[in-house]
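Peer 1: My structure file my_file_13.txt, compact mmCIF, C-alpha atoms and all ligand atoms, is below:
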# COMPACT_ATOMS: atom_id res chain seq x y z
CA MET A 65 241.69 28.30 10.01
CA VAL A 66 244.24 31.05 10.13
CA ILE A 67 243.26 34.60 9.25
CA LEU A 68 241.89 35.80 12.61
CA THR A 69 245.04 35.34 14.67
CA MET A 70 247.25 36.01 11.71
CA ASP A 71 247.78 39.69 12.26
CA LYS A 72 251.53 40.39 12.36
CA THR A 73 252.52 36.79 12.76
CA PHE A 74 253.73 34.06 10.45
CA ILE A 75 254.45 30.37 10.87
CA LEU A 76 258.05 29.14 10.96
CA ASP A 77 258.44 25.37 11.22
CA GLY A 78 255.04 25.17 12.89
CA LYS A 79 255.81 27.92 15.38
CA THR A 80 253.97 31.27 15.44
CA ILE A 81 256.46 34.10 15.02
CA PRO A 82 255.44 37.71 15.66
CA PHE A 83 257.04 40.44 13.55
CA GLU A 84 257.11 44.18 13.23
CA GLU A 85 256.34 45.96 9.99
CA GLY A 86 259.33 45.90 7.64
CA GLU A 87 261.23 43.12 9.41
CA THR A 88 262.75 40.31 7.41
CA ILE A 89 262.01 36.69 8.21
CA MET A 90 265.55 36.42 9.63
CA GLU A 91 265.07 39.43 11.91
CA ALA A 92 261.72 38.26 13.20
CA ALA A 93 263.03 34.71 13.72
CA SER A 94 266.06 35.84 15.71
CA ALA A 95 263.93 38.20 17.77
CA ALA A 96 261.84 35.14 18.62
CA GLY A 97 264.99 33.22 19.53
CA VAL A 98 264.85 30.95 16.49
CA TYR A 99 268.11 30.30 14.67
CA ILE A 100 268.28 30.18 10.89
CA PRO A 101 271.79 29.31 9.62
CA HIS A 102 273.46 32.30 7.98
CA LEU A 103 276.88 33.73 7.17
CA CYS A 104 276.58 37.00 5.26
CA HIS A 105 273.78 38.30 7.48
CA HIS A 106 274.60 40.45 10.47
CA PRO A 107 271.89 42.28 12.42
CA GLU A 108 273.76 45.60 12.29
CA PHE A 109 274.21 45.72 8.55
CA LYS A 110 272.10 45.97 5.46
CA PRO A 111 271.22 42.50 4.15
CA HIS A 112 273.50 41.20 1.44
CA GLY A 113 271.73 38.01 0.41
CA SER A 114 274.79 36.38 -1.11
CA CYS A 115 275.67 33.23 0.84
CA LYS A 116 272.18 31.71 0.47
CA LEU A 117 272.68 29.67 3.61
CA CYS A 118 269.59 31.24 5.15
CA THR A 119 267.38 30.00 2.31
CA VAL A 120 263.96 28.91 3.54
CA SER A 121 260.82 27.72 1.87
CA ILE A 122 258.24 30.52 1.85
CA GLY A 123 254.90 29.03 0.98
CA GLY A 124 256.73 26.44 -1.14
CA ARG A 125 259.07 28.88 -2.89
CA LEU A 126 262.70 29.16 -1.90
CA GLY A 127 264.01 32.53 -0.80
CA ALA A 128 266.71 34.07 1.40
CA SER A 129 265.26 34.74 4.84
CA CYS A 130 267.66 37.65 5.37
CA THR A 131 266.23 39.59 2.41
CA ASN A 132 262.58 38.47 2.29
CA LYS A 133 260.23 40.52 4.42
CA ALA A 134 257.96 38.79 6.87
CA ALA A 135 254.28 38.95 5.95
CA ALA A 136 251.21 38.04 7.91
CA GLY A 137 250.11 34.47 7.49
CA MET A 138 253.07 33.24 5.46
CA VAL A 139 254.13 29.67 6.09
CA VAL A 140 257.89 29.27 6.27
CA GLU A 141 259.95 26.11 6.59
CA SER A 142 263.60 26.16 7.60
CA GLU A 143 264.62 23.07 9.55
CA THR A 144 263.87 20.51 6.88
CA GLU A 145 266.21 17.74 5.86
CA ALA A 146 266.32 18.97 2.27
CA LEU A 147 267.13 22.58 3.19
CA ASN A 148 269.82 21.51 5.63
CA ALA A 149 271.33 19.24 2.97
CA ASP A 150 271.48 22.23 0.60
CA ARG A 151 273.04 24.34 3.37
CA ARG A 152 275.62 21.66 4.02
CA ALA A 153 276.51 21.51 0.32
CA LEU A 154 276.87 25.32 0.19
CA THR A 155 279.12 25.24 3.24
CA GLN A 156 281.20 22.46 1.72
CA MET A 157 281.63 24.56 -1.41
CA LEU A 158 282.81 27.50 0.69
CA PHE A 159 285.43 25.25 2.27
CA VAL A 160 286.85 23.88 -0.98
CA GLU A 161 286.73 27.25 -2.74
CA GLY A 162 289.20 28.73 -0.27
CA ASN A 163 292.06 27.26 1.73
CA HIS A 164 290.53 26.42 5.07
CA ILE A 165 293.11 24.57 7.08
CA CYS A 166 291.48 24.93 10.47
CA PRO A 167 294.31 23.34 12.51
CA SER A 168 296.57 26.22 11.45
CA CYS A 169 293.97 28.99 11.75
CA GLU A 170 293.95 31.44 14.66
CA LYS A 171 290.18 31.79 14.34
CA SER A 172 289.42 28.10 14.84
CA GLY A 173 286.77 27.71 17.53
CA ASN A 174 285.60 31.30 17.08
CA CYS A 175 284.90 31.03 13.37
CA GLN A 176 281.33 31.26 12.13
CA LEU A 177 282.01 29.32 8.94
CA GLN A 178 283.38 26.44 10.97
CA ALA A 179 280.59 26.75 13.54
CA VAL A 180 277.92 26.62 10.86
CA ALA A 181 279.64 23.53 9.45
CA TYR A 182 279.55 21.92 12.90
CA HIS A 183 275.90 22.87 13.25
CA LEU A 184 275.14 21.20 9.93
CA ASP A 185 277.09 18.10 10.95
CA MET A 186 279.54 18.49 8.07
CA LEU A 187 282.08 15.69 8.36
CA THR A 188 283.95 16.37 5.12
CA PRO A 189 284.18 19.17 2.56
CA HIS A 190 283.29 16.39 0.09
CA PHE A 191 283.94 18.33 -3.14
CA THR A 192 287.31 18.45 -4.89
CA HIS A 193 289.49 21.10 -3.27
CA PHE A 194 290.42 24.06 -5.45
CA TYR A 195 293.47 25.04 -3.38
CA PRO A 196 293.36 28.48 -5.01
CA ALA A 197 296.43 30.72 -4.91
CA ARG A 198 295.47 33.74 -2.81
CA ASP A 199 297.56 36.57 -1.40
CA ILE A 200 298.17 37.36 2.22
CA ASP A 201 298.58 41.03 3.15
CA ALA A 202 300.67 41.38 6.31
CA SER A 203 301.70 44.98 5.62
CA HIS A 204 299.52 46.61 8.27
CA PRO A 205 301.18 46.85 11.70
CA ASP A 206 298.13 45.58 13.62
CA VAL A 207 295.89 43.74 11.17
CA LEU A 208 296.49 40.65 9.03
CA LEU A 209 294.50 40.05 5.87
CA GLU A 210 294.47 36.31 5.08
CA ARG A 211 292.56 35.98 1.82
CA ASN A 212 292.80 32.18 1.86
CA ARG A 213 289.99 32.23 4.41
CA CYS A 214 287.77 34.92 2.92
CA ILE A 215 284.24 33.84 1.99
CA LEU A 216 283.34 37.14 0.29
CA CYS A 217 280.48 37.87 2.65
CA GLU A 218 281.24 41.59 2.30
CA LEU A 219 280.66 42.24 6.00
CA CYS A 220 283.99 44.07 6.21
CA VAL A 221 283.08 46.04 3.08
CA ARG A 222 279.76 47.09 4.62
CA ALA A 223 281.25 47.82 8.05
CA SER A 224 284.13 49.90 6.71
CA ARG A 225 281.87 51.86 4.38
CA ASP A 226 278.76 52.25 6.55
CA VAL A 227 280.11 52.33 10.12
CA ASP A 228 283.79 53.26 10.01
CA GLY A 229 283.23 55.66 7.13
CA LYS A 230 286.51 54.61 5.51
CA ASN A 231 285.66 52.33 2.61
CA VAL A 232 288.83 50.29 3.02
CA PHE A 233 287.57 47.06 1.44
CA GLY A 234 285.88 46.08 -1.78
CA ILE A 235 285.28 43.05 -3.97
CA GLY A 236 287.13 42.92 -7.26
CA GLY A 237 286.78 40.50 -10.18
CA ARG A 238 283.80 38.34 -11.07
CA GLY A 239 282.57 34.81 -10.43
CA ILE A 240 285.26 32.42 -9.27
CA LYS A 241 287.83 35.20 -9.78
CA SER A 242 286.13 37.46 -7.19
CA ARG A 243 288.50 38.52 -4.46
CA LEU A 244 288.70 40.90 -1.57
CA ILE A 245 290.57 44.04 -2.55
CA VAL A 246 291.94 46.93 -0.53
CA ASN A 247 291.13 50.44 -1.64
CA SER A 248 294.55 52.06 -1.70
CA ALA A 249 296.76 52.98 -4.64
CA SER A 250 299.22 50.22 -3.73
CA GLY A 251 296.44 47.77 -2.84
CA ARG A 252 298.16 47.24 0.51
CA LEU A 253 296.42 47.46 3.85
CA ALA A 254 299.28 49.50 5.32
CA ASP A 255 298.48 52.30 2.90
CA THR A 256 294.89 52.74 4.11
CA ASN A 257 293.63 54.47 7.23
CA LEU A 258 292.29 51.17 8.64
CA SER A 259 292.65 51.02 12.39
CA VAL A 260 292.68 47.86 14.49
CA THR A 261 289.64 49.15 16.39
CA ASP A 262 287.54 49.47 13.22
CA ARG A 263 284.24 47.62 13.10
CA ALA A 264 285.42 46.09 9.82
CA VAL A 265 288.19 44.23 11.63
CA GLU A 266 285.92 42.83 14.29
CA VAL A 267 283.03 41.82 12.09
CA CYS A 268 284.78 39.27 9.86
CA PRO A 269 283.10 35.92 10.56
CA THR A 270 286.17 33.93 9.52
CA GLY A 271 289.93 34.05 10.03
CA ALA A 272 290.41 36.34 7.03
CA ILE A 273 290.83 39.57 9.00
CA LEU A 274 292.76 39.12 12.21
CA ARG A 275 294.15 41.35 14.88
CA LYS A 276 297.86 40.67 15.08
CA ARG A 277 299.34 39.32 18.31
CA HIS A 278 295.94 38.19 19.64
CA GLY A 279 295.66 34.86 17.83
CA PHE A 280 295.85 32.57 20.83
CA THR A 281 294.95 34.75 23.81
CA VAL A 282 292.02 32.36 24.32
CA PRO A 283 293.31 28.82 23.94
CA ILE A 284 291.76 26.29 21.57
CA GLY A 285 289.22 24.30 23.54
CA ARG A 286 287.87 27.35 25.38
CA ARG A 287 286.48 29.25 22.46
CA LEU A 288 283.00 30.39 21.53
CA TYR A 289 281.87 27.37 19.54
CA ASP A 290 284.07 24.69 21.10
CA HIS A 291 281.29 23.52 23.38
CA HIS A 292 278.22 25.34 22.11
CA ASP A 293 276.36 25.07 18.85
CA ILE A 294 276.21 28.39 17.00
CA ALA A 295 272.42 28.19 17.26
CA GLU A 296 272.80 28.67 21.02
CA VAL A 297 275.46 31.39 20.94
CA PRO A 298 274.01 34.85 20.46
CA VAL A 299 275.77 36.90 17.80
CA ALA A 300 277.03 40.24 19.10
CA GLY A 301 274.58 42.93 18.07
CA MET A 302 271.69 40.48 17.72
CA LYS A 303 268.55 41.77 19.40
CA GLU A 304 267.53 40.13 22.64
CA PRO A 305 264.69 37.70 21.98
CA ARG A 306 261.39 39.58 22.23
CA SER A 307 259.64 38.45 25.35
CA SER A 308 256.03 37.68 24.70
CA MET B 1347 282.09 -21.12 24.73
CA THR B 1348 282.77 -19.68 21.30
CA GLU B 1349 284.04 -16.15 21.10
CA PRO B 1350 282.35 -13.91 18.55
CA LYS B 1351 284.41 -13.33 15.44
CA LYS B 1352 286.60 -10.28 15.84
CA LEU B 1353 286.57 -7.41 13.39
CA ARG B 1354 289.80 -7.18 11.48
CA VAL B 1355 291.13 -3.62 11.35
CA ALA B 1356 294.04 -2.12 9.39
CA THR B 1357 295.45 1.36 9.94
CA CYS B 1358 298.10 3.45 8.23
CA SER B 1359 299.54 6.94 8.23
CA LEU B 1360 300.14 8.56 4.84
CA ALA B 1361 300.92 12.30 4.69
CA GLY B 1362 300.12 12.76 8.36
CA CYS B 1363 302.11 13.31 11.54
CA PHE B 1364 301.03 10.15 13.40
CA GLY B 1365 299.05 12.41 15.72
CA CYS B 1366 295.85 10.54 14.90
CA HIS B 1367 297.51 7.26 15.76
CA MET B 1368 298.75 8.79 19.03
CA SER B 1369 295.15 9.79 19.73
CA LEU B 1370 294.07 6.21 18.98
CA LEU B 1371 296.54 5.00 21.60
CA ASP B 1372 295.19 7.68 23.92
CA ILE B 1373 292.02 5.67 24.44
CA ASP B 1374 294.25 4.07 27.06
CA GLU B 1375 292.80 1.22 29.07
CA LYS B 1376 289.78 1.07 26.77
CA LEU B 1377 292.21 -0.38 24.22
CA PHE B 1378 291.78 -3.65 26.13
CA ASP B 1379 288.01 -3.47 25.63
CA LEU B 1380 288.61 -2.64 22.00
CA LEU B 1381 290.89 -5.63 21.57
CA LYS B 1382 288.04 -7.88 22.70
CA VAL B 1383 286.14 -6.98 19.56
CA VAL B 1384 288.85 -6.10 17.04
CA GLU B 1385 292.18 -7.50 15.90
CA PHE B 1386 294.74 -5.53 13.95
CA ASP B 1387 296.04 -6.33 10.48
CA ARG B 1388 298.52 -3.97 8.81
CA SER B 1389 299.13 -1.11 11.22
CA PRO B 1390 302.01 0.75 12.85
CA ILE B 1391 300.79 -1.04 15.99
CA THR B 1392 301.51 -4.52 14.58
CA ASP B 1393 304.23 -3.66 12.10
CA ILE B 1394 302.59 -5.94 9.51
CA LYS B 1395 303.67 -4.46 6.17
CA THR B 1396 300.87 -5.34 3.76
CA CYS B 1397 297.15 -5.18 4.20
CA GLY B 1398 295.12 -8.40 3.99
CA PRO B 1399 291.32 -8.67 3.79
CA CYS B 1400 289.85 -6.49 6.55
CA ASP B 1401 286.52 -5.30 7.83
CA ILE B 1402 287.67 -1.77 8.56
CA GLY B 1403 290.56 0.28 7.21
CA ILE B 1404 291.50 3.51 8.95
CA VAL B 1405 293.66 5.99 7.05
CA GLU B 1406 295.45 8.92 8.60
CA GLY B 1407 296.96 11.60 6.35
CA GLY B 1408 296.39 12.78 2.80
CA VAL B 1409 298.34 11.72 -0.28
CA CYS B 1410 301.56 13.61 -1.00
CA ASN B 1411 303.49 11.03 -3.05
CA ALA B 1412 303.18 7.98 -5.27
CA GLU B 1413 303.64 5.50 -2.43
CA ASN B 1414 300.73 7.06 -0.50
CA VAL B 1415 298.46 6.32 -3.45
CA HIS B 1416 299.73 2.76 -3.67
CA VAL B 1417 299.01 2.10 0.02
CA LEU B 1418 295.66 3.84 -0.16
CA LYS B 1419 294.57 1.70 -3.10
CA GLU B 1420 295.74 -1.42 -1.26
CA PHE B 1421 293.54 -0.41 1.67
CA ARG B 1422 290.55 0.28 -0.54
CA LYS B 1423 290.94 -3.08 -2.24
CA ASN B 1424 291.13 -5.01 1.02
CA CYS B 1425 288.87 -3.16 3.42
CA LYS B 1426 285.10 -3.46 3.38
CA VAL B 1427 284.77 -0.11 5.11
CA LEU B 1428 287.32 2.65 4.66
CA VAL B 1429 287.57 5.51 7.13
CA ALA B 1430 289.34 8.85 6.64
CA MET B 1431 290.69 9.79 10.07
CA GLY B 1432 291.78 13.33 10.84
CA ALA B 1433 292.08 16.68 9.10
CA CYS B 1434 294.88 15.65 6.70
CA ALA B 1435 293.03 12.64 5.30
CA ILE B 1436 289.88 14.73 4.93
CA THR B 1437 291.20 18.08 3.64
CA GLY B 1438 294.93 17.61 3.01
CA GLY B 1439 295.48 19.44 6.30
CA ILE B 1440 298.76 21.03 7.35
CA PRO B 1441 300.80 19.32 4.58
CA ALA B 1442 298.45 21.00 2.06
CA LEU B 1443 299.77 24.36 3.23
CA ARG B 1444 302.50 23.75 0.65
CA ASN B 1445 299.99 23.44 -2.18
CA ASN B 1446 300.63 26.93 -3.45
CA VAL B 1447 304.38 26.80 -3.03
CA ASP B 1448 306.41 25.45 -5.91
CA LEU B 1449 307.70 21.96 -5.05
CA TRP B 1450 311.26 22.88 -5.99
CA ASP B 1451 311.12 25.95 -3.74
CA CYS B 1452 309.90 23.70 -0.91
CA PHE B 1453 312.86 21.37 -1.36
CA GLN B 1454 315.31 24.26 -1.54
CA GLU B 1455 313.90 25.70 1.66
CA VAL B 1456 313.96 22.40 3.52
CA TYR B 1457 317.27 21.01 2.32
CA HIS B 1458 319.34 24.03 1.29
CA TYR B 1459 318.29 27.16 3.12
CA GLY B 1460 316.76 25.79 6.34
CA ILE B 1461 318.23 27.19 9.54
CA GLY B 1462 321.36 25.33 10.63
CA LEU B 1463 321.92 23.56 7.32
CA GLU B 1464 325.32 23.33 5.68
CA ASN B 1465 326.02 21.75 2.31
CA GLY B 1466 322.43 20.54 2.17
CA GLN B 1467 321.50 18.02 -0.53
CA ILE B 1468 318.10 17.23 -1.92
CA PRO B 1469 317.60 13.46 -1.48
CA ASN B 1470 317.23 11.68 -4.81
CA ASP B 1471 317.60 8.00 -3.99
CA PRO B 1472 315.56 6.00 -6.53
CA GLU B 1473 313.88 4.17 -3.63
CA LEU B 1474 312.26 7.35 -2.41
CA PRO B 1475 308.66 7.78 -3.56
CA LEU B 1476 308.04 10.58 -6.03
CA PRO B 1477 306.42 13.57 -4.38
CA PHE B 1478 303.33 15.22 -5.90
CA ASP B 1479 303.16 18.92 -6.62
CA LYS B 1480 300.06 19.10 -4.41
CA VAL B 1481 298.80 17.20 -1.37
CA HIS B 1482 295.28 15.83 -1.73
CA PRO B 1483 292.65 14.44 0.64
CA ILE B 1484 292.16 10.72 0.22
CA ASN B 1485 288.56 10.94 -0.99
CA GLU B 1486 289.93 12.56 -4.14
CA VAL B 1487 291.69 9.26 -4.93
CA VAL B 1488 289.45 6.45 -3.65
CA ARG B 1489 285.91 6.11 -2.33
CA ILE B 1490 285.67 6.73 1.41
CA ASP B 1491 282.85 5.39 3.55
CA TYR B 1492 283.25 7.43 6.74
CA PHE B 1493 284.96 10.62 7.83
CA LEU B 1494 286.24 11.20 11.35
CA PRO B 1495 287.43 14.81 11.56
CA GLY B 1496 289.80 16.39 14.08
CA CYS B 1497 293.45 17.34 14.33
CA PRO B 1498 293.60 14.83 15.81
CA PRO B 1499 290.14 13.47 16.59
CA SER B 1500 290.00 13.11 20.36
CA ALA B 1501 290.43 9.70 21.94
CA ASP B 1502 286.78 9.91 22.97
CA ALA B 1503 285.71 10.62 19.39
CA ILE B 1504 287.74 7.67 18.08
CA TRP B 1505 286.33 5.42 20.78
CA GLN B 1506 282.76 6.53 20.08
CA PHE B 1507 283.28 6.08 16.35
CA LEU B 1508 284.87 2.63 16.57
CA THR B 1509 282.38 1.24 19.09
CA ASP B 1510 279.51 2.48 16.95
CA LEU B 1511 281.02 0.86 13.89
CA ALA B 1512 281.84 -2.39 15.70
CA ALA B 1513 278.27 -2.60 16.99
CA GLY B 1514 276.92 -2.12 13.48
CA ARG B 1515 275.52 1.34 14.28
CA GLU B 1516 275.84 4.38 12.04
CA PRO B 1517 278.68 6.32 13.75
CA LYS B 1518 277.49 9.57 15.30
CA LEU B 1519 279.69 12.18 16.97
CA ASP B 1520 278.28 14.40 19.72
CA TYR B 1521 278.69 18.15 19.17
CA GLU B 1522 281.73 18.38 21.43
CA MET B 1523 283.45 15.54 19.59
CA LEU B 1524 283.11 17.15 16.17
CA HIS B 1525 286.14 19.37 15.60
CA TYR B 1526 288.26 20.40 12.66
CA ASP B 1527 291.14 21.49 14.90
S1 LIG C 1 288.47 30.66 8.67
FE1 LIG C 1 287.25 29.22 9.86
S2 LIG C 1 286.86 27.52 8.46
FE2 LIG C 1 288.53 28.74 7.59
S3 LIG C 1 290.42 27.77 8.35
FE3 LIG C 1 289.88 29.37 9.82
S4 LIG C 1 288.66 28.30 11.37
FE4 LIG C 1 288.71 26.98 9.57
S1 LIG C 2 287.43 39.40 4.84
FE1 LIG C 2 285.96 38.49 6.27
S2 LIG C 2 284.30 40.00 6.40
FE2 LIG C 2 285.50 40.52 4.60
S3 LIG C 2 284.44 39.49 2.90
FE3 LIG C 2 286.08 38.12 3.59
S4 LIG C 2 285.09 36.78 5.10
FE4 LIG C 2 283.73 38.52 4.80
S1 LIG C 3 272.53 35.05 5.38
FE1 LIG C 3 270.96 35.29 3.92
S2 LIG C 3 271.98 35.04 2.05
FE2 LIG C 3 273.63 35.00 3.50
Produce structure tokens that represent the structure in this file.
Ligand code: SF4
Ligand code: SF4
Ligand code: FES

Peer 2:
Amino acid sequence: MVILTMDKTFILDGKTIPFEEGETIMEAASAAGVYIPHLCHHPEFKPHGSCKLCTVSIGGRLGASCTNKAAAGMVVESETEALNADRRALTQMLFVEGNHICPSCEKSGNCQLQAVAYHLDMLTPHFTHFYPARDIDASHPDVLLERNRCILCELCVRASRDVDGKNVFGIGGRGIKSRLIVNSASGRLADTNLSVTDRAVEVCPTGAILRKRHGFTVPIGRRLYDHHDIAEVPVAGMKEPRSS
Amino acid sequence: MTEPKKLRVATCSLAGCFGCHMSLLDIDEKLFDLLKVVEFDRSPITDIKTCGPCDIGIVEGGVCNAENVHVLKEFRKNCKVLVAMGACAITGGIPALRNNVDLWDCFQEVYHYGIGLENGQIPNDPELPLPFDKVHPINEVVRIDYFLPGCPPSADAIWQFLTDLAAGREPKLDYEMLHYD
């Protein structure tokens, strides 16, 4: 039935989505106003493809929608019970792998990890908590680095390297030992040229990089995701939905 | 006129702050409606000390010592449905902030070096339950049937949850009622 109208469109959960040459499924979907859960994707940065939350079925094969290019006529499924169950399990693993004690976190209500968990109706982290020992770096006068809440999305790494031109952050170690490191001889944030206005500070989706003395300027209960599902809250930098 | 059989409910607070129980009381005048369909067994509300056979057990707080585990197992044994209420029961919560601090250092800080302390002593009465080196969520100790997140869950969320459960429906929280903080 398809081919004729298929030029530069694909099907996502039964909906026809237009795309421009070179766009990923994620980019085309968000331009069409369709939300696909994601954490390591940000419209301003090169895809990273690490959190796997955005995994969709592309003609029956699973792939990350933030790295797979849209192609004419492809049939993509995202909002299926099975995919959302996988996403929930991934999110639960992110929670137990770190120390996410939301009631004591300044980011609560504005946090994308938490918001995605709400979106997926996650009632419990389910898996056995690791309670890993992770360092806090409070050395910088204006920025706090709270590694307990880092999900290793590398958005700060990409922002510092590609936008700020400073290369302050990196990922060290492998597998479960991976951790966010600071590129200075001492390993301390105070000994870098990071500034509180850097894109890297703003872009962190969780409470891992925080501006000091701003934690509760907006009270709990009046924050971004307190009353609105992340699917309805546009991410800063996300293109306006294409009108067509 | 025969009244329908009431659901028997037990509640307890383990390593929690009683905030969830305060939120339960916060359902205010709806407590009267609730009491038409439930009656309380062991609970801080009744002061009954041991849990008998119940339809629903509601546990606030994680486990931080041997007594917590004892109570939790008593609840699991006696309650057909066991509910983890609040962030601490579900994740360990605020008490779990100590999980990467050495227990002895914690005691020193609290009983020896805390502000305003003089000649502090670490309590060691044999009646005191033995503390664990880490605080754990309750689902790491017993099987849990339902989770009601929040710190605390709002009175509305508790009301919604309990009325769903009492009516035999699968409890469902609206977006605004689902919170981890
Ligand atoms: S970073 Fe997000 S999920 Fe983690 S503790 Fe903070 S609010 Fe909760
Ligand atoms: S600090 Fe934030 S932005 Fe950087 S990797 Fe961790 S979660 Fe991602
Ligand atoms: S958003 Fe695609 S893998 Fe993380």

Peer 1: Compute the set of chain A residues within 10 Å of chain B, using only C-alpha atoms, and express it as number ranges by chain.

Peer 2: A: 159-160, 163-169, 172-173, 178-179, 181-183, 185-193, 195-198, 284-285, 289-293

Peer 1: I'd like the contact shell of Leu1371 (chain B) - 12 Å cut-off, only C-alpha atoms, skipping same-chain residues fewer than 3 positions apart - returned as a list of chain:residue names.

Peer 2: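 Using only C-alpha atoms, the neighbours found are B:Phe1364, B:Gly1365, B:Cys1366, B:His1367, B:Met1368, B:Asp1374, B:Glu1375, B:Lys1376, B:Leu1377, B:Phe1378, B:Leu1380, B:Pro1390, B:Ile1391, B:Pro1498, B:Pro1499, B:Ser1500, B:Ala1501, B:Asp1502, B:Ile1504, B:Trp1505.
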
Peer 1: What is the CA of Arg238 (chain A)-CA of Thr155 (chain A) distance in Å, reported with one decimal?

Peer 2: 20.0 Å

Peer 1: Could you jot down the CA of His106 (chain A) to atom FE1 of ligand LIG 2 (chain C) separation for me, Å, one decimal place?

Peer 2: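 According to the coordinates, CA of His106 (chain A) and atom FE1 of ligand LIG 2 (chain C) are separated by 12.3 Å.
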
Peer 1: For ligand LIG 2 (chain C), return the neighbouring residues as a CSV table (one decimal) with C-alpha atoms, in the coordinates of the input (distance at most 8 Å; all atoms listed in the file).

Peer 2:
chain,number,residue,atom,x,y,z
A,104,CYS,CA,276.6,37.0,5.3
A,209,LEU,CA,294.5,40.0,5.9
A,210,GLU,CA,294.5,36.3,5.1
A,211,ARG,CA,292.6,36.0,1.8
A,213,ARG,CA,290.0,32.2,4.4
A,214,CYS,CA,287.8,34.9,2.9
A,215,ILE,CA,284.2,33.8,2.0
A,216,LEU,CA,283.3,37.1,0.3
A,217,CYS,CA,280.5,37.9,2.6
A,218,GLU,CA,281.2,41.6,2.3
A,219,LEU,CA,280.7,42.2,6.0
A,220,CYS,CA,284.0,44.1,6.2
A,221,VAL,CA,283.1,46.0,3.1
A,233,PHE,CA,287.6,47.1,1.4
A,235,ILE,CA,285.3,43.0,-4.0
A,244,LEU,CA,288.7,40.9,-1.6
A,264,ALA,CA,285.4,46.1,9.8
A,265,VAL,CA,288.2,44.2,11.6
A,267,VAL,CA,283.0,41.8,12.1
A,268,CYS,CA,284.8,39.3,9.9
A,269,PRO,CA,283.1,35.9,10.6
A,270,THR,CA,286.2,33.9,9.5
A,271,GLY,CA,289.9,34.0,10.0
A,272,ALA,CA,290.4,36.3,7.0
A,273,ILE,CA,290.8,39.6,9.0

Peer 1: Return as a short mmCIF file (atom, residue, chain, number, x, y, z; two decimals) with C-alpha atoms, in the coordinates of the input every polymer residue, whether protein, DNA or RNA, with at least one atom no more than 12 Å from an atom of ligand LIG 3 (chain C); count all atoms listed in the file.

Peer 2:
data_model
loop_
_atom_site.label_atom_id
_atom_site.label_comp_id
_atom_site.auth_asym_id
_atom_site.auth_seq_id
_atom_site.Cartn_x
_atom_site.Cartn_y
_atom_site.Cartn_z
CA THR A 88 262.75 40.31 7.41
CA ILE A 89 262.01 36.69 8.21
CA MET A 90 265.55 36.42 9.63
CA GLU A 91 265.07 39.43 11.91
CA TYR A 99 268.11 30.30 14.67
CA ILE A 100 268.28 30.18 10.89
CA PRO A 101 271.79 29.31 9.62
CA HIS A 102 273.46 32.30 7.98
CA LEU A 103 276.88 33.73 7.17
CA CYS A 104 276.58 37.00 5.26
CA HIS A 105 273.78 38.30 7.48
CA HIS A 106 274.60 40.45 10.47
CA PRO A 107 271.89 42.28 12.42
CA PHE A 109 274.21 45.72 8.55
CA LYS A 110 272.10 45.97 5.46
CA PRO A 111 271.22 42.50 4.15
CA HIS A 112 273.50 41.20 1.44
CA GLY A 113 271.73 38.01 0.41
CA SER A 114 274.79 36.38 -1.11
CA CYS A 115 275.67 33.23 0.84
CA LYS A 116 272.18 31.71 0.47
CA LEU A 117 272.68 29.67 3.61
CA CYS A 118 269.59 31.24 5.15
CA THR A 119 267.38 30.00 2.31
CA VAL A 120 263.96 28.91 3.54
CA LEU A 126 262.70 29.16 -1.90
CA GLY A 127 264.01 32.53 -0.80
CA ALA A 128 266.71 34.07 1.40
CA SER A 129 265.26 34.74 4.84
CA CYS A 130 267.66 37.65 5.37
CA THR A 131 266.23 39.59 2.41
CA ASN A 132 262.58 38.47 2.29
CA LYS A 133 260.23 40.52 4.42
CA ARG A 151 273.04 24.34 3.37
CA LEU A 154 276.87 25.32 0.19
CA THR A 155 279.12 25.24 3.24
CA GLN A 176 281.33 31.26 12.13
CA LEU A 177 282.01 29.32 8.94
CA VAL A 180 277.92 26.62 10.86
CA ILE A 215 284.24 33.84 1.99
CA LEU A 216 283.34 37.14 0.29
CA CYS A 217 280.48 37.87 2.65
CA GLU A 218 281.24 41.59 2.30
CA LEU A 219 280.66 42.24 6.00
CA PRO A 269 283.10 35.92 10.56
#
